[in-house]
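To start, the structure itself, in structure tokens.
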Amino acid sequence: MNEKEPNIEMTGESLDVSVQRKQELKQLFPGVFTETKNEKGEVVETIDFEKLKAELGSFSDVYDGKRERYGMEWPGKRDCMKLIQQPSRATLKPCREESVDFDSTENLFIEGDNLEVLKLLQKSYYGKVKMIYIDPPYNTGKEFIYPDKYSESLETYMAYAGLVDDEGKKFATNTATEGRFHTKWLNMMYPRLYLARNLLREDGVVFISIDDSERENIQKLLDEIFGELNFVGSFIWQSKKGGGSDNTRVVTDHEYVLCFAKDIDHMILSRIEIAPEPLDREDDQGAYRRGRELNKWGANSRREDRPTMYFPISGPDGEDVYPIRNDGAEGCWRWGKKKMDEVVALGNVEFSKRDDGTYIVYEKVRTFEPRVKPHRTWLKDVGTTADGSKTVKELFDEVKVFDFPKPIELLEKIISIGASQNESIVLDFFSGSCSTAHAVINASRADSVKRNHIMIQLPELCDNESESYKAGYKTIADIGKERIRRAAQKIRDQQNSQLDLVGKGDLDLGFKVLKLDKSNFKQWQTPSTEINAEQLGEQLELHTDHVDPYATQEEILYELLLKAGFVPTSKVDTLELAGKSVFSIDEGALLICLEDELTAELIDAVAELEPMQFICLDKGFNGNDQLKANAVQTFKSRAQNAEAEMVFKVV
Ligand SMILES: C[S@@+](CC[C@H](N)C(=O)[O-])C[C@H]1O[C@@H](n2cnc3c(N)ncnc32)[C@H](O)[C@@H]1O
């Protein structure tokens, strides 16, 4: 292809994360990128590491790979990077029948392996998610751990969705007796967390439930992916009440919820509302409550420890008051002389006289202060595992469809600090029975904050003997979808019966179902080795009609909009232009025409609307290269006149 000619072919691949990272580096250090000739004599863009070292100045003590270093290593870590960097060629197929409010909802339920799905969401949801909550398999030896294969991840999924492995056997659980127990789990978690981080907004946070089995490992993994500095805290959730009947030496009655920020300097983690303490005292300035003591206690509180903090302040009768400890020794004030004199002058201290005539001095608090930082022990009384099970059982007419769901009160509390602003997207990519979606709609109903949820869940098979299977749910994904339907219906019923208007209007009770599947486009395989005429003929034939003949228009449309970087909840309208049907996405930002017979009139009509992107099918040109070349030209000159970006793509 002539270098000046625009490349109009669409790749059909998800975002290549290494390219994205390179772009980020380029923004920070544009000067370190240069052009050199590679071994084949081609001019390529490279990074001048010497220059980068110079730009980093005092931070440039570069690791040479030979010395020992601090960090976490495990077998397979390198393959994890390859897995991350391999773009997905799969698609997400819309499923209207299983969705609720398909055309208007902004919630998603995606059925599939979360690694492949997270890759597919990279372009459209990059930097858009406010909060991620996950409750991954804890690696207790009883769960199934997904077998990632770096070179054929979609094939693995297709085999899985067909529910057998390469040898036709059912996929098995990860048991502790097997070798590579922790390794397998780490290899599964690392790429998923890495890709999930990309989806977070700058002010976004991730919460991860975990127990002792992998607590230490996941902390190190997260330190590496998010950076130690972005560790917000490890909360303790009281998951169980009462004694323990298990045979451990201590009663394990809590789990952890780890929290990391995308960027701790931009993080928004709301402080929580608690009932303010009453202003139960009064002086001539009005009501107040006793705040903390201004006499310092504990370590370094003797005069000799901090002599400058021993000084007199003006007492209630103008006398000198010194900091005296409860044991009668000379002590220290909490604040320095200037600040102490200021609060005394403002009448904001209370002097409480001891029997021996010395004083304890308190700060007076005159305002309600209802907001406090979340404490690490604050996840108490937010439901236990047993409560989580009870909620789901009640919702499913007393059938126990899912083991150990998280209680929604716990998730509502996490959402209240992690996604407290309007327009927050909450993602859970190990969604199980969809407790997170349930909590999102409940929380939004209670506080009228507009939130949306994205649930991702593998169609993991329910055991044939389980209550869920007998009740008609073949997979955990089926249970998750039904739970959101039932939880939403419960709210609708309450709203109708009580004429309850809370949250009505903006509350999104629907969800759009998408399913991971093979692309609707056959891939053009560039022959890497010699190829005979017959094989070449086969390949060419494949390429001429490379759209799956069984694919519906909607399936093709969703694949294209996703790969063009639009979210699958974008508004889609159908326009009639020059007698042809054209899909308009997000009020004309993207136009897609899937017609088999494209015409010059249609191309003109589309260009006139000045979309940011226009995509059509190659077969629509019916081999008319002149029409295609003219179309490219029409778009080019229109974009130049309009000074707008107008991308024209052919698939
Ligand atoms: C501990 S459960 C989550 C329970 C959920 N928090 C609830 O309250 O219902 C973990 C879920 O992750 C799912 N899972 C495991 N590997 C997965 C993968 N590769 N992709 C998507 N889901 C996966 C499992 O099927 C399981 O339902």
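Chain labels follow the order of the structure tokens: the first chain is A, the next B, and so on; residue numbering restarts at 1 in every chain, and ligands are counted from 1 in their shown order.
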Would you tabulate, counting only C-alpha atoms, all residues of range 405-462 of chain A that have an atom at most 10 Å from an atom of range 88-110 of chain A, showing the closest pair of atoms and their distance in Å to one decimal, sorted by chain then ascending number, as CSV?
```
residue,atom,partner,partner_atom,distance
A:Ile425,CA,A:Asn107,CA,8.8
A:Val426,CA,A:Asn107,CA,9.5
A:Leu427,CA,A:Leu108,CA,9.4
A:Asp428,CA,A:Phe109,CA,9.9
A:Phe429,CA,A:Ile110,CA,8.9
A:Ser431,CA,A:Phe109,CA,9.3
A:Cys434,CA,A:Phe109,CA,9.3
A:Ala437,CA,A:Asn107,CA,8.9
A:Arg451,CA,A:Asn107,CA,9.0
A:Asn452,CA,A:Asn107,CA,5.4
A:His453,CA,A:Asn107,CA,5.1
A:Ile454,CA,A:Leu108,CA,4.7
A:Met455,CA,A:Phe109,CA,4.8
A:Ile456,CA,A:Ile110,CA,4.7
A:Gln457,CA,A:Ile110,CA,6.4
A:Leu458,CA,A:Ile110,CA,8.5
A:Pro459,CA,A:Ile110,CA,9.9
```
What are the nearest atom pairs, with distances in Å to one decimal, for all residues of chain A that come at most 9 Å from ligand 1, using only C-alpha atoms and all ligand atoms, set out by chain and rising residue number as CSV?
```
residue,atom,partner,partner_atom_place_in_ligand_line,distance
A:Glu111,CA,ligand 1,21 (C),7.7
A:Gly112,CA,ligand 1,21 (C),6.0
A:Asp113,CA,ligand 1,20 (N),3.7
A:Asn114,CA,ligand 1,20 (N),3.9
A:Leu115,CA,ligand 1,19 (N),6.3
A:Glu116,CA,ligand 1,20 (N),8.5
A:Val117,CA,ligand 1,20 (N),8.4
A:Tyr133,CA,ligand 1,6 (N),8.6
A:Ile134,CA,ligand 1,6 (N),6.7
A:Asp135,CA,ligand 1,6 (N),4.8
A:Pro136,CA,ligand 1,10 (C),4.7
A:Pro137,CA,ligand 1,1 (C),4.8
A:Tyr138,CA,ligand 1,1 (C),7.0
A:Glu143,CA,ligand 1,24 (C),8.1
A:Phe144,CA,ligand 1,15 (C),6.9
A:Ile145,CA,ligand 1,16 (N),5.9
A:Tyr146,CA,ligand 1,19 (N),5.1
A:Pro147,CA,ligand 1,19 (N),8.1
A:Asp148,CA,ligand 1,19 (N),8.3
A:Tyr157,CA,ligand 1,19 (N),9.0
A:Met188,CA,ligand 1,19 (N),7.6
A:Met189,CA,ligand 1,19 (N),9.0
A:Arg192,CA,ligand 1,19 (N),8.7
A:Ser209,CA,ligand 1,6 (N),8.5
A:Gly388,CA,ligand 1,8 (O),7.4
A:Ser389,CA,ligand 1,8 (O),8.8
A:Val392,CA,ligand 1,9 (O),8.8
A:Phe402,CA,ligand 1,9 (O),7.1
A:Asp403,CA,ligand 1,9 (O),7.9
A:Phe404,CA,ligand 1,8 (O),6.8
A:Pro405,CA,ligand 1,8 (O),3.4
A:Lys406,CA,ligand 1,8 (O),3.9
A:Pro407,CA,ligand 1,8 (O),6.9
A:Ile408,CA,ligand 1,8 (O),8.0
A:Asp428,CA,ligand 1,6 (N),8.1
A:Phe429,CA,ligand 1,21 (C),6.1
A:Phe430,CA,ligand 1,12 (O),3.8
A:Ser431,CA,ligand 1,5 (C),4.9
A:Gly432,CA,ligand 1,27 (O),3.4
A:Ser433,CA,ligand 1,9 (O),3.6
A:Cys434,CA,ligand 1,9 (O),5.0
A:Ser435,CA,ligand 1,8 (O),4.4
A:Thr436,CA,ligand 1,8 (O),6.8
A:Ile456,CA,ligand 1,21 (C),5.8
A:Gln457,CA,ligand 1,22 (N),4.0
A:Leu458,CA,ligand 1,21 (C),3.9
A:Pro459,CA,ligand 1,25 (O),7.0
A:Glu460,CA,ligand 1,25 (O),5.1
A:Leu461,CA,ligand 1,25 (O),8.2
A:Thr475,CA,ligand 1,25 (O),8.6
A:Ile476,CA,ligand 1,27 (O),6.0
A:Ala477,CA,ligand 1,27 (O),7.8
A:Gly480,CA,ligand 1,9 (O),7.6
```
Range 264-458 of chain A: which residues are strand (DSSP E) by DSSP, as a CSV table (one decimal) with N, CA and C atoms, in the first residue's frame?
```csv
chain,number,residue,atom,x,y,z
A,272,ILE,N,-17.9,7.9,55.4
A,272,ILE,CA,-19.3,7.4,55.7
A,272,ILE,C,-20.0,8.3,56.7
A,273,GLU,N,-21.3,8.3,56.5
A,273,GLU,CA,-22.2,9.0,57.4
A,273,GLU,C,-22.4,8.2,58.7
A,281,ARG,N,-24.0,20.2,75.7
A,281,ARG,CA,-23.6,21.2,76.7
A,281,ARG,C,-23.9,22.6,76.1
A,282,GLU,N,-23.8,23.5,77.0
A,282,GLU,CA,-24.1,24.9,76.6
A,282,GLU,C,-23.2,25.9,77.3
A,283,ASP,N,-22.8,26.9,76.6
A,283,ASP,CA,-22.1,28.0,77.3
A,283,ASP,C,-22.7,29.3,76.7
A,286,GLY,N,-23.4,29.2,73.0
A,286,GLY,CA,-24.4,28.2,72.4
A,286,GLY,C,-24.0,26.8,72.8
A,287,ALA,N,-24.6,25.9,72.0
A,287,ALA,CA,-24.5,24.4,72.3
A,287,ALA,C,-23.1,23.9,71.8
A,288,TYR,N,-22.6,23.0,72.6
A,288,TYR,CA,-21.4,22.3,72.2
A,288,TYR,C,-21.3,20.9,72.8
A,289,ARG,N,-20.4,20.1,72.3
A,289,ARG,CA,-20.1,18.8,73.0
A,289,ARG,C,-18.6,18.8,73.4
A,290,ARG,N,-18.3,18.0,74.4
A,290,ARG,CA,-16.9,17.9,74.8
A,290,ARG,C,-16.1,17.1,73.7
A,291,GLY,N,-15.1,17.7,73.2
A,291,GLY,CA,-14.2,17.0,72.2
A,291,GLY,C,-13.1,16.3,73.0
A,292,ARG,N,-11.9,16.2,72.3
A,292,ARG,CA,-10.9,15.4,73.0
A,292,ARG,C,-10.1,16.3,74.0
A,293,GLU,N,-9.4,15.6,74.9
A,293,GLU,CA,-8.6,16.3,75.9
A,293,GLU,C,-7.4,16.9,75.3
A,313,ILE,N,-1.5,28.3,80.2
A,313,ILE,CA,-2.5,29.0,79.4
A,313,ILE,C,-3.4,29.7,80.5
A,314,SER,N,-4.3,30.6,79.9
A,314,SER,CA,-5.1,31.4,80.8
A,314,SER,C,-6.3,30.6,81.3
A,320,ASP,N,-2.9,31.1,85.8
A,320,ASP,CA,-2.1,30.2,84.9
A,320,ASP,C,-2.4,28.8,85.1
A,321,VAL,N,-2.7,28.1,84.0
A,321,VAL,CA,-3.0,26.7,84.1
A,321,VAL,C,-2.0,25.9,83.3
A,349,VAL,N,-12.4,26.1,74.9
A,349,VAL,CA,-12.0,25.0,75.7
A,349,VAL,C,-12.8,25.0,77.0
A,350,GLU,N,-12.9,23.8,77.5
A,350,GLU,CA,-13.7,23.6,78.8
A,350,GLU,C,-12.7,23.2,79.9
A,351,PHE,N,-12.7,23.9,81.0
A,351,PHE,CA,-11.7,23.5,82.1
A,351,PHE,C,-12.5,22.7,83.1
A,352,SER,N,-12.0,21.5,83.4
A,352,SER,CA,-12.7,20.6,84.3
A,352,SER,C,-11.8,20.5,85.5
A,353,LYS,N,-12.2,21.0,86.7
A,353,LYS,CA,-11.3,21.1,87.8
A,353,LYS,C,-11.2,19.7,88.6
A,359,TYR,N,-6.3,21.2,86.4
A,359,TYR,CA,-7.4,21.1,85.4
A,359,TYR,C,-7.1,20.0,84.4
A,360,ILE,N,-8.2,19.4,83.9
A,360,ILE,CA,-8.2,18.7,82.6
A,360,ILE,C,-8.9,19.6,81.7
A,361,VAL,N,-8.2,19.8,80.5
A,361,VAL,CA,-8.8,20.8,79.6
A,361,VAL,C,-9.3,20.0,78.3
A,362,TYR,N,-10.6,20.3,77.9
A,362,TYR,CA,-11.2,19.7,76.8
A,362,TYR,C,-11.4,20.7,75.7
A,363,GLU,N,-11.3,20.2,74.4
A,363,GLU,CA,-11.7,21.0,73.3
A,363,GLU,C,-13.3,21.1,73.2
A,364,LYS,N,-13.8,22.2,72.9
A,364,LYS,CA,-15.3,22.3,72.7
A,364,LYS,C,-15.6,22.1,71.2
A,365,VAL,N,-16.5,21.2,70.9
A,365,VAL,CA,-16.9,21.0,69.5
A,365,VAL,C,-18.3,21.6,69.3
A,371,ARG,N,-19.4,13.1,59.1
A,371,ARG,CA,-18.7,12.3,58.2
A,371,ARG,C,-17.4,11.8,58.9
A,372,VAL,N,-17.1,10.5,58.8
A,372,VAL,CA,-15.9,10.0,59.4
A,372,VAL,C,-15.2,9.1,58.3
A,424,SER,N,-21.8,6.5,38.3
A,424,SER,CA,-20.7,5.6,38.6
A,424,SER,C,-21.0,4.2,38.0
A,425,ILE,N,-20.0,3.6,37.3
A,425,ILE,CA,-20.1,2.3,36.8
A,425,ILE,C,-19.4,1.3,37.8
A,426,VAL,N,-20.2,0.3,38.2
A,426,VAL,CA,-19.6,-0.7,39.2
A,426,VAL,C,-19.4,-2.0,38.4
A,427,LEU,N,-18.2,-2.6,38.4
A,427,LEU,CA,-17.9,-3.8,37.7
A,427,LEU,C,-17.6,-4.9,38.6
A,428,ASP,N,-18.2,-6.1,38.4
A,428,ASP,CA,-17.8,-7.3,39.1
A,428,ASP,C,-17.6,-8.4,38.1
A,451,ARG,N,-26.3,4.9,39.3
A,451,ARG,CA,-25.1,3.9,39.1
A,451,ARG,C,-25.5,2.9,38.1
A,452,ASN,N,-24.6,2.3,37.4
A,452,ASN,CA,-24.8,1.1,36.5
A,452,ASN,C,-23.9,0.0,36.9
A,453,HIS,N,-24.3,-1.2,36.5
A,453,HIS,CA,-23.4,-2.3,36.8
A,453,HIS,C,-23.1,-3.1,35.6
A,454,ILE,N,-21.9,-3.7,35.7
A,454,ILE,CA,-21.5,-4.7,34.6
A,454,ILE,C,-21.1,-6.0,35.4
A,455,MET,N,-21.8,-7.0,35.1
A,455,MET,CA,-21.5,-8.3,35.7
A,455,MET,C,-20.9,-9.2,34.6
A,456,ILE,N,-19.8,-9.9,35.0
A,456,ILE,CA,-19.2,-10.9,34.1
A,456,ILE,C,-19.2,-12.3,34.8
A,457,GLN,N,-19.7,-13.3,34.1
A,457,GLN,CA,-19.8,-14.6,34.8
A,457,GLN,C,-19.6,-15.7,33.8
```
inquiry  = What's around range 616-629 of chain A at 10 Å? Count only C-alpha atoms, leave out sequence neighbours fewer than 3 positions away in its own chain, and write the answer as a list in words.
reply    = Glu5, Glu9, His543, Thr544, Asp545, His546, Val547, Leu560, Val582, Leu591, Ile592, Cys593, Leu594, Glu595, Asp596, Glu597, Leu598, Thr599, Ala600, Ile603, Val632, Gln633, Thr634, Phe648, Lys649, Val650 and Val651 of chain A
Take the residues just selected and output them with N, CA and C atoms as a PDB file, in the first residue's frame.
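Below is the file out15.pdb, written as the result:
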```
ATOM      1  N   GLU A   5      -1.636   6.587   1.414  1.00  0.00           N
ATOM      2  CA  GLU A   5      -3.018   6.128   1.384  1.00  0.00           C
ATOM      3  C   GLU A   5      -3.469   5.731   2.785  1.00  0.00           C
ATOM      4  N   GLU A   9      -8.613  -0.556   6.611  1.00  0.00           N
ATOM      5  CA  GLU A   9      -9.064  -1.869   7.051  1.00  0.00           C
ATOM      6  C   GLU A   9      -9.175  -1.917   8.567  1.00  0.00           C
ATOM      7  N   HIS A 543     -11.651 -15.057   2.279  1.00  0.00           N
ATOM      8  CA  HIS A 543     -11.572 -13.626   2.488  1.00  0.00           C
ATOM      9  C   HIS A 543     -12.681 -12.866   1.760  1.00  0.00           C
ATOM     10  N   THR A 544     -13.057 -13.360   0.560  1.00  0.00           N
ATOM     11  CA  THR A 544     -14.068 -12.624  -0.199  1.00  0.00           C
ATOM     12  C   THR A 544     -15.378 -12.554   0.557  1.00  0.00           C
ATOM     13  N   ASP A 545     -15.770 -13.653   1.188  1.00  0.00           N
ATOM     14  CA  ASP A 545     -17.004 -13.562   1.952  1.00  0.00           C
ATOM     15  C   ASP A 545     -16.661 -13.930   3.380  1.00  0.00           C
ATOM     16  N   HIS A 546     -16.131 -12.963   4.083  1.00  0.00           N
ATOM     17  CA  HIS A 546     -15.611 -13.349   5.391  1.00  0.00           C
ATOM     18  C   HIS A 546     -16.572 -13.030   6.528  1.00  0.00           C
ATOM     19  N   VAL A 547     -17.815 -12.721   6.195  1.00  0.00           N
ATOM     20  CA  VAL A 547     -18.802 -12.515   7.255  1.00  0.00           C
ATOM     21  C   VAL A 547     -19.547 -13.832   7.465  1.00  0.00           C
ATOM     22  N   LEU A 560     -19.010  -4.596  15.696  1.00  0.00           N
ATOM     23  CA  LEU A 560     -18.348  -3.431  15.114  1.00  0.00           C
ATOM     24  C   LEU A 560     -18.313  -2.254  16.081  1.00  0.00           C
ATOM     25  N   VAL A 582     -28.933   2.708   7.575  1.00  0.00           N
ATOM     26  CA  VAL A 582     -27.652   3.003   8.228  1.00  0.00           C
ATOM     27  C   VAL A 582     -27.901   3.095   9.730  1.00  0.00           C
ATOM     28  N   LEU A 591     -21.378   5.820  12.317  1.00  0.00           N
ATOM     29  CA  LEU A 591     -22.417   5.319  11.404  1.00  0.00           C
ATOM     30  C   LEU A 591     -21.940   3.981  10.853  1.00  0.00           C
ATOM     31  N   ILE A 592     -22.855   3.011  10.824  1.00  0.00           N
ATOM     32  CA  ILE A 592     -22.492   1.684  10.317  1.00  0.00           C
ATOM     33  C   ILE A 592     -23.512   1.281   9.258  1.00  0.00           C
ATOM     34  N   CYS A 593     -23.020   0.863   8.105  1.00  0.00           N
ATOM     35  CA  CYS A 593     -23.938   0.393   7.068  1.00  0.00           C
ATOM     36  C   CYS A 593     -23.582  -1.056   6.732  1.00  0.00           C
ATOM     37  N   LEU A 594     -24.542  -1.950   6.875  1.00  0.00           N
ATOM     38  CA  LEU A 594     -24.280  -3.367   6.617  1.00  0.00           C
ATOM     39  C   LEU A 594     -24.927  -3.827   5.313  1.00  0.00           C
ATOM     40  N   GLU A 595     -25.279  -2.877   4.453  1.00  0.00           N
ATOM     41  CA  GLU A 595     -25.946  -3.209   3.193  1.00  0.00           C
ATOM     42  C   GLU A 595     -24.979  -3.916   2.235  1.00  0.00           C
ATOM     43  N   ASP A 596     -25.550  -4.778   1.381  1.00  0.00           N
ATOM     44  CA  ASP A 596     -24.740  -5.527   0.416  1.00  0.00           C
ATOM     45  C   ASP A 596     -24.400  -4.716  -0.830  1.00  0.00           C
ATOM     46  N   GLU A 597     -25.193  -3.656  -1.105  1.00  0.00           N
ATOM     47  CA  GLU A 597     -24.972  -2.874  -2.332  1.00  0.00           C
ATOM     48  C   GLU A 597     -24.755  -1.415  -1.963  1.00  0.00           C
ATOM     49  N   LEU A 598     -23.498  -1.008  -1.846  1.00  0.00           N
ATOM     50  CA  LEU A 598     -23.228   0.400  -1.516  1.00  0.00           C
ATOM     51  C   LEU A 598     -23.259   1.232  -2.801  1.00  0.00           C
ATOM     52  N   THR A 599     -23.673   2.502  -2.668  1.00  0.00           N
ATOM     53  CA  THR A 599     -23.712   3.368  -3.853  1.00  0.00           C
ATOM     54  C   THR A 599     -23.000   4.685  -3.549  1.00  0.00           C
ATOM     55  N   ALA A 600     -22.645   5.395  -4.609  1.00  0.00           N
ATOM     56  CA  ALA A 600     -21.968   6.689  -4.442  1.00  0.00           C
ATOM     57  C   ALA A 600     -22.899   7.666  -3.717  1.00  0.00           C
ATOM     58  N   ILE A 603     -22.699   7.017  -0.006  1.00  0.00           N
ATOM     59  CA  ILE A 603     -21.430   7.500   0.553  1.00  0.00           C
ATOM     60  C   ILE A 603     -21.513   9.027   0.741  1.00  0.00           C
ATOM     61  N   VAL A 632     -13.144   6.830  -0.242  1.00  0.00           N
ATOM     62  CA  VAL A 632     -12.013   7.283   0.591  1.00  0.00           C
ATOM     63  C   VAL A 632     -11.783   8.775   0.337  1.00  0.00           C
ATOM     64  N   GLN A 633     -11.802   9.146  -0.955  1.00  0.00           N
ATOM     65  CA  GLN A 633     -11.546  10.527  -1.333  1.00  0.00           C
ATOM     66  C   GLN A 633     -12.634  11.468  -0.784  1.00  0.00           C
ATOM     67  N   THR A 634     -13.891  11.038  -0.909  1.00  0.00           N
ATOM     68  CA  THR A 634     -15.011  11.860  -0.418  1.00  0.00           C
ATOM     69  C   THR A 634     -14.831  12.157   1.071  1.00  0.00           C
ATOM     70  N   PHE A 648     -12.830   6.381   8.092  1.00  0.00           N
ATOM     71  CA  PHE A 648     -13.620   5.527   7.212  1.00  0.00           C
ATOM     72  C   PHE A 648     -13.018   4.119   7.275  1.00  0.00           C
ATOM     73  N   LYS A 649     -13.823   3.133   7.704  1.00  0.00           N
ATOM     74  CA  LYS A 649     -13.289   1.776   7.851  1.00  0.00           C
ATOM     75  C   LYS A 649     -14.112   0.777   7.055  1.00  0.00           C
ATOM     76  N   VAL A 650     -13.402  -0.189   6.498  1.00  0.00           N
ATOM     77  CA  VAL A 650     -14.065  -1.239   5.727  1.00  0.00           C
ATOM     78  C   VAL A 650     -13.741  -2.577   6.377  1.00  0.00           C
ATOM     79  N   VAL A 651     -14.777  -3.407   6.568  1.00  0.00           N
ATOM     80  CA  VAL A 651     -14.490  -4.734   7.162  1.00  0.00           C
ATOM     81  C   VAL A 651     -14.935  -5.836   6.225  1.00  0.00           C
TER      82      VAL A 651
END
```
inquiry  = Let me make sure I understand: among A:Pro30, A:Gly65, A:Gly565, A:Gly204, which one has the smallest atom-to-atom distance to Gly127 in chain A if we use only C-alpha atoms?
reply    = A:Gly204
inquiry  = Report, in Å with one decimal, the straight-line distance from CA of Leu222 in chain A to CA of Ile268 in chain A.
reply    =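 CA of Ile268 in chain A lies at a distance of 18.9 Å from CA of Leu222 in chain A.
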request  = Within range 74-262 of chain A, find each residue whose DSSP state, derived from the backbone, is helix (DSSP H, G or I), and express the selection as a PyMOL selection string.
outcome  = chain A and resi 77-85+96-98+114-125+153-161+181-199+215-226+228-230
request  = Just give me the gap between CA of Lys220 in chain A and CA of Glu68 in chain A in Å, one decimal is fine.
outcome  = 17.5 Å
ask   = Which polymer residues have any atom within 12 Å of an atom of Lys338 in chain A, counting only C-alpha atoms, with same-chain residues fewer than 6 positions away left out, as a ChimeraX atom specification?
value = /A:308-309,311-313,344-345
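Among the candidates A:Met81, A:Leu28, A:Arg354, A:Pro374, the residue lying nearest to Leu56 in chain A is A:Leu28 (atoms considered: only C-alpha atoms).
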request  = Find the residues near Ile210 in chain A: any atom within 12 Å, counting only C-alpha atoms, skip ones fewer than 4 places away on the same chain, and give them as a VMD selection string.
outcome  = chain A and resid 133 to 140 214 to 219 234 to 237 239 254 to 259 406
key: Two-atom distance - CA of Leu118 in chain A, CA of Ile225 in chain A (Å)   = 15.7 Å
